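The block underneath contains the structure these notes are about, expressed in structure tokens.
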Amino acid sequence: MLQRKYLLTFTSDIVNEPITYKIVKSFDLLVNILRADVGDRGGRLLISVEGSGQQIEKAVQYLVNAKVQVKELNEYVNKSDERCTDCGMCLSICPVDAFEIDRISWKISFNAEKCIACGMCVDACPPQAIKISDL
Amino acid sequence: MTKVGRRITDYWDEEHMKRNYEEINSRIKKGDAVVLTAEEIIDVVQSQGVKKAAKEVDVVTTGTFGAMCSSGAFLNFGHAEPPIKMQRVWLNDVPAYAGLAAVDAYIGATEVRENGEINYGGGQVIEELIAGRPVKLRATAYGTDCYPRKGIESYVSLKTINQAYLFNPRNIYQNYAVATNSSDRTLFTYMGKLLPNYGNATFSSAGQLSPLLNDPTLRTIGIGTRIFLGGAQGYVAWEGTQYRTDVPVENGVPTGACRALAVIGDMKKMSADYVRGLYFHKYGTSLGVGIGVPIPILDDELMRSVSISDDKILAPLFDYSVESRARKPLTKITYAQLRSGSIKLHGKCVKTSSLSSYRKAKDIAEKLKRWIEEGEFLLTQPVATFTESQTFKPLDLRSQEEV
Ligand code: SF4
Ligand code: SF4
């Protein structure tokens with residue numbers, strides 16, 4: 001079983017296509033919608049999918065054929081260790097505890113795998129160490 | 001740690017249980033001083049007792065690194081050709097105060113750009129200067145017979161200018177508030193991002209490592225005290241603005257914002273690791289400053305006070321959605337609880353965040369310890385200590401007659 005995160009960008013003409021339904025149904029994937037912004041000129045969908053590597057590849061192919069722009073997301077945000085002061089402000093902001101504190105060194109680390117790309121931490125970090133990665 | 005108990009202090013005045021600054025400094029010079037951090041001393045006192053620890057340890061070092069809004073820098077740019085009496089000054093488009101002699105200016109940490117970019121301000125400019133980066137200087141003037149020039153644009157750095165020193169009117173508050181938010185919207189405050197419905201709580205003190213909590217009546221800290229400031233040696237200049245002593249005390253330490261210090265130090269010797277421009281979203285800029293203060297163990301009483309631990313230091317929790325200076329604390333919480341990651345409030349688990357860096361606080365206390373051990377940092381007896389009792393006055397609306 002693999003878990004991957006994808007950012008899907010689509011134009012207004014395919015907004016009505018039931019794409020998430022299709023990838024769940026036809027490729028037997030577990031899909032978690034992390035974020036959805038849909039406007040009159042199309043939309044962006046951030047999903048996390050879980051399934052076999054093969055099935056994920058097929059689903060991506062299906063999406064590409066359906067004219068959806070697919071981008072795999074490894075890190076939605078990144079934390080600059082050089083700018084981070086290890087204060088811990090992000091700890092109580094992140095809804096999924098993607099930031100962790102080591103109570104011996106008191107350093108804060110970022111676990112990108114847990115991140116659900118909500119963006120909440122970005123404006124919470126005083127030295128501006130957290131940035132949204134270039135998508 | 002291992003140094004404790006290695007030798008019996010030979011100059012400890014057995015009868016009066018005392019030692020003085022000269023004795024401590026002569027041991028520092030010989031490389032013999034026993035120095036521990038305010039964190040390390042806790043276990044030593046617990047296992048050996050105050051008396052034995054006081055006998056064996058000469059100095060305890062403290063540290064803190066947090067947002068200190070009341071900070072800023074005096075700069076002298078030198079004279080231009082032809083000369084200018086700068087009336088208005090900008091550094092990287094952040095206004096600096098120039099109502100001083102011709103080419104002196106003060107840039108405050110919370111001053112922001114005038115174009116609405118409130119995420120870049122004095123704090124960032126000070127960090128850039130200390131990091132050695134060039135900063136754009138712009139100045140205008142009305143022109144005088146002796147200073148004919150009316151404008152200048154140039155680049156400056158710490159290498160090109162004359163004096164550059166931090167002069168922070170209020171730093172290292174002795175304890176501070178804990179902030180939470182009962183309202184149904186996110187609040188952006190100087191205490192950070194406060195999530196709705198008691199979604200989190202933020203605090204800002206190094207607790208047991210915090211300088212002024214380790215010598216709570218400031219017996220050994222006063223004007224002229226040499227300190228660690230921004231990675232270099234600096235000095236206590238004055239009492240901090242809003243200095244007060246009338247805060248309830250528990251376990252020997254005040255349970256809220258109380259005393260503070262004005263500090264001064266040479267920016268040219270500082271490091272950007274310990275001076276950092278900060279931005280609080282929708283609030284504005286500030287300066288993260290790292291400060292460490294050595295506490296000389298002159299007697300048992302000082303050893304007792306430096307052994308304070310996070311479970312004995314309380315901070316008041318305030319609801320920052322109440323927009324009044326008269327808001328009352330909801331409860332008091334220990335730093336041990338705050339640092340554990342969550343607190344209980346109305347039966348609910350509320351996640352906590354520190355705004356100050358405990359990692360850097362520790363790092364500073366350890367660095368100061370090394371400086372003293374290696375004989376690079378001598379202790380100073382204060383030239384003068386601060387007032388023993390002082391209140392903090394509010395600003396009320398008054399007529400001329402009521403003043
Ligand atoms: S809020 Fe920013 S500076 Fe503080 S620990 Fe998190 S990433 Fe580091
Ligand atoms: S973007 Fe959201 S989920 Fe990801 S680390 Fe930041 S707060 Fe956590």
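In the structure tokens, the first chain shown is A, the next is B, and so on; residue numbers restart at 1 for each chain, and ligands run from 1 in the order shown.
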Contacts of chain B with ligand 1 up to 12 Å, shortest pair per row, only C-alpha atoms and all ligand atoms, as a tab-separated table:
residue	atom	partner	partner_atom_place_in_ligand_line	distance
B:Phe65	CA	ligand 1	3 (S)	11.7
B:Gly66	CA	ligand 1	4 (Fe)	10.7
B:Ala67	CA	ligand 1	4 (Fe)	11.4
B:Gly192	CA	ligand 1	1 (S)	9.3
B:Lys193	CA	ligand 1	1 (S)	10.1
B:Thr202	CA	ligand 1	1 (S)	11.5
B:Ser204	CA	ligand 1	4 (Fe)	12.0
B:Arg276	CA	ligand 1	3 (S)	10.3
B:Gly277	CA	ligand 1	3 (S)	11.2
B:Leu278	CA	ligand 1	3 (S)	9.2
B:Tyr279	CA	ligand 1	2 (Fe)	10.5
B:Phe280	CA	ligand 1	1 (S)	10.6
B:His281	CA	ligand 1	1 (S)	11.8
B:Gly288	CA	ligand 1	3 (S)	10.6
B:Ser353	CA	ligand 1	1 (S)	8.8
B:Ser354	CA	ligand 1	4 (Fe)	8.2
B:Leu355	CA	ligand 1	4 (Fe)	7.1
B:Ser356	CA	ligand 1	4 (Fe)	8.3
B:Ser357	CA	ligand 1	4 (Fe)	7.7
B:Tyr358	CA	ligand 1	5 (S)	10.3
B:Arg359	CA	ligand 1	5 (S)	9.9
B:Lys360	CA	ligand 1	5 (S)	11.2
Next item on the list: Find the residues near ligand 2. Use a cut-off of 12 Å, count only C-alpha atoms and all ligand atoms, and write them as number ranges by chain.
Entry: A: 34-35, 46, 73-79, 89-100, 109-125, 129-133; B: 193
Residues as selected, C-alpha atoms, written as a short mmCIF file (atom, residue, chain, number, x, y, z; two decimals), in the first residue's frame, can you do that?
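Done, and the output landed in out.cif:
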data_model
loop_
_atom_site.label_atom_id
_atom_site.label_comp_id
_atom_site.auth_asym_id
_atom_site.auth_seq_id
_atom_site.Cartn_x
_atom_site.Cartn_y
_atom_site.Cartn_z
CA LEU A 34 -7.60 17.51 1.88
CA ARG A 35 -8.61 20.73 0.22
CA LEU A 46 -5.81 18.39 -3.06
CA LEU A 73 2.93 16.88 -3.87
CA ASN A 74 5.67 15.79 -1.59
CA GLU A 75 5.79 18.84 0.56
CA TYR A 76 3.00 21.35 0.58
CA VAL A 77 4.91 23.53 2.99
CA ASN A 78 8.56 23.55 3.86
CA LYS A 79 10.27 24.73 7.00
CA MET A 89 4.27 28.34 17.78
CA CYS A 90 3.38 25.92 14.98
CA LEU A 91 2.83 23.06 17.45
CA SER A 92 -0.60 24.19 18.60
CA ILE A 93 -1.68 25.41 15.16
CA CYS A 94 -1.26 22.30 13.00
CA PRO A 95 -4.44 20.20 13.17
CA VAL A 96 -2.59 16.94 12.47
CA ASP A 97 0.53 17.48 14.59
CA ALA A 98 2.89 17.55 11.63
CA PHE A 99 5.32 19.54 13.79
CA GLU A 100 6.98 17.62 16.56
CA SER A 109 10.90 19.04 13.30
CA PHE A 110 8.44 18.95 10.43
CA ASN A 111 6.98 15.68 9.25
CA ALA A 112 5.74 16.33 5.71
CA GLU A 113 3.97 12.98 5.53
CA LYS A 114 1.44 14.02 8.11
CA CYS A 115 0.70 17.38 6.48
CA ILE A 116 -2.77 17.75 5.00
CA ALA A 117 -1.95 21.05 3.34
CA CYS A 118 -4.38 23.25 5.25
CA GLY A 119 -1.94 26.16 5.23
CA MET A 120 -2.73 27.17 8.81
CA CYS A 121 0.89 27.22 9.98
CA VAL A 122 2.18 29.53 7.27
CA ASP A 123 1.02 32.81 8.81
CA ALA A 124 1.65 31.60 12.37
CA CYS A 125 5.43 31.35 12.23
CA ALA A 129 10.36 30.02 8.41
CA ILE A 130 7.37 28.17 6.93
CA LYS A 131 6.61 28.75 3.27
CA ILE A 132 4.21 27.15 0.82
CA SER A 133 6.35 25.14 -1.58
CA LYS B 193 -2.18 33.13 16.19
#
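Between CA of Arg370 in chain B and CA of Thr64 in chain B the separation is 16.3 Å.
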Check: Can you list, as an NGL selection string, every protein, DNA or RNA residue that comes within 8 Å of range 208-225 of chain B when you count only C-alpha atoms, leaving out same-chain residues fewer than 5 positions away?
Finding: :B and (37-39 or 62-64 or 172-175 or 235-239 or 252-254 or 259-260 or 292-296 or 302 or 305-310 or 313 or 361-362 or 365 or 379-386 or 388)
Margin query: Can you measure CA of Asp86 in chain A to CA of Lys332 in chain B for me? One decimal in Å is fine.
Written below: 25.0 Å
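With only C-alpha atoms as the atoms that count, the residue of B:His346, B:Arg170, B:Lys328, B:Arg339 with the shortest distance to Tyr198 in chain B is B:His346.
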Notebook entry, point to check: Which residues come within 7 Å of Ile84 in chain B, counting only C-alpha atoms, excluding same-chain residues fewer than 6 positions away, as a ChimeraX atom specification?
Noted result: /B:102,141,147-150
Note to self: Can you tell me which residues surround range 52-67 of chain A at a distance of at most 6 Å, considering only C-alpha atoms, apart from same-chain residues fewer than 6 positions away, and format the answer as a PyMOL selection string?
What the structure shows: chain A and resi 1-2+23+27
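Proximity to Leu30 in chain A at 7 Å, evaluated using only C-alpha atoms and with sequence-adjacent residues fewer than 5 positions away removed, yields Val24, Val49, Glu50 and Gly51 of chain A.
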Taking N, CA and C atoms for each residue, export the selection above as a tab-separated table (two decimals), in the first residue's frame.
chain	number	residue	atom	x	y	z
A	24	VAL	N	-12.17	6.41	-6.98
A	24	VAL	CA	-12.46	5.50	-5.87
A	24	VAL	C	-13.03	4.20	-6.42
A	49	VAL	N	-4.19	9.83	-1.73
A	49	VAL	CA	-4.72	8.53	-2.16
A	49	VAL	C	-3.89	7.40	-1.57
A	50	GLU	N	-4.59	6.35	-1.28
A	50	GLU	CA	-3.92	5.19	-0.72
A	50	GLU	C	-4.32	3.98	-1.56
A	51	GLY	N	-3.34	3.17	-1.94
A	51	GLY	CA	-3.66	1.99	-2.73
A	51	GLY	C	-2.39	1.38	-3.27
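In terms of minimum interatomic distance to chain B, A:Cys87 ranks closest within A:Cys87, A:Asp102, A:Ile108, A:Asn32, counting only C-alpha atoms.
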Notebook entry, point to check: If you run DSSP on this backbone, which residues of range 256-285 of chain B come out as strand (DSSP E or B), and could you give them as a ChimeraX atom specification?
Noted result: /B:261-266,275-280,284-285
Take the selection from the previous step and output its residues with C-alpha atoms, as an mmCIF file, in the first residue's frame.
data_model
loop_
_atom_site.group_PDB
_atom_site.id
_atom_site.type_symbol
_atom_site.label_atom_id
_atom_site.label_comp_id
_atom_site.auth_asym_id
_atom_site.auth_seq_id
_atom_site.Cartn_x
_atom_site.Cartn_y
_atom_site.Cartn_z
ATOM 1 C CA LEU B 261 15.458 45.573 31.831
ATOM 2 C CA ALA B 262 16.727 48.166 29.383
ATOM 3 C CA VAL B 263 19.819 46.734 27.726
ATOM 4 C CA ILE B 264 22.562 47.993 25.454
ATOM 5 C CA GLY B 265 25.182 46.310 23.285
ATOM 6 C CA ASP B 266 27.373 46.583 20.201
ATOM 7 C CA VAL B 275 18.847 38.563 16.876
ATOM 8 C CA ARG B 276 16.004 37.730 14.550
ATOM 9 C CA GLY B 277 13.406 39.842 12.764
ATOM 10 C CA LEU B 278 9.945 38.492 13.551
ATOM 11 C CA TYR B 279 6.542 39.076 12.005
ATOM 12 C CA PHE B 280 3.267 38.481 13.734
ATOM 13 C CA GLY B 284 3.387 43.694 12.696
ATOM 14 C CA THR B 285 7.070 43.191 13.244
#
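For the pair CA of Ile28 in chain B and CA of Glu373 in chain B, the separation is 6.4 Å.
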Notebook entry, point to check: as a ChimeraX atom specification, which residues of range 164-321 of chain B does DSSP assign to helix (DSSP H, G or I)?
Noted result: /B:207-209,211-214,267-269,300-306,310-312
Could you write those residues out with C-alpha atoms, as a PDB file, in the first residue's frame?
ATOM      1  CA  GLY B 207      10.475  29.800  32.837  1.00  0.00           C
ATOM      2  CA  GLN B 208      13.138  28.138  34.949  1.00  0.00           C
ATOM      3  CA  LEU B 209      15.876  29.416  32.609  1.00  0.00           C
ATOM      4  CA  PRO B 211      17.009  35.507  33.834  1.00  0.00           C
ATOM      5  CA  LEU B 212      14.792  37.607  36.085  1.00  0.00           C
ATOM      6  CA  LEU B 213      12.960  34.620  37.562  1.00  0.00           C
ATOM      7  CA  ASN B 214      16.250  33.281  38.909  1.00  0.00           C
ATOM      8  CA  MET B 267      25.626  45.226  17.103  1.00  0.00           C
ATOM      9  CA  LYS B 268      28.936  44.809  15.310  1.00  0.00           C
ATOM     10  CA  LYS B 269      29.798  41.964  17.654  1.00  0.00           C
ATOM     11  CA  ASP B 300      22.479  30.509  50.175  1.00  0.00           C
ATOM     12  CA  GLU B 301      19.543  32.717  49.380  1.00  0.00           C
ATOM     13  CA  LEU B 302      20.677  33.198  45.779  1.00  0.00           C
ATOM     14  CA  MET B 303      21.254  29.474  45.416  1.00  0.00           C
ATOM     15  CA  ARG B 304      17.714  28.894  46.618  1.00  0.00           C
ATOM     16  CA  SER B 305      16.312  31.357  44.081  1.00  0.00           C
ATOM     17  CA  VAL B 306      18.254  29.979  41.078  1.00  0.00           C
ATOM     18  CA  ASP B 310       9.007  25.188  35.961  1.00  0.00           C
ATOM     19  CA  ASP B 311       6.490  23.465  38.248  1.00  0.00           C
ATOM     20  CA  LYS B 312       6.783  26.349  40.734  1.00  0.00           C
TER      21      LYS B 312
END
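Residue nearest chain A within the list B:Ser286, B:Thr334, B:Ser154, B:Thr241: B:Ser286 [criterion: smallest interatomic distance, only C-alpha atoms].
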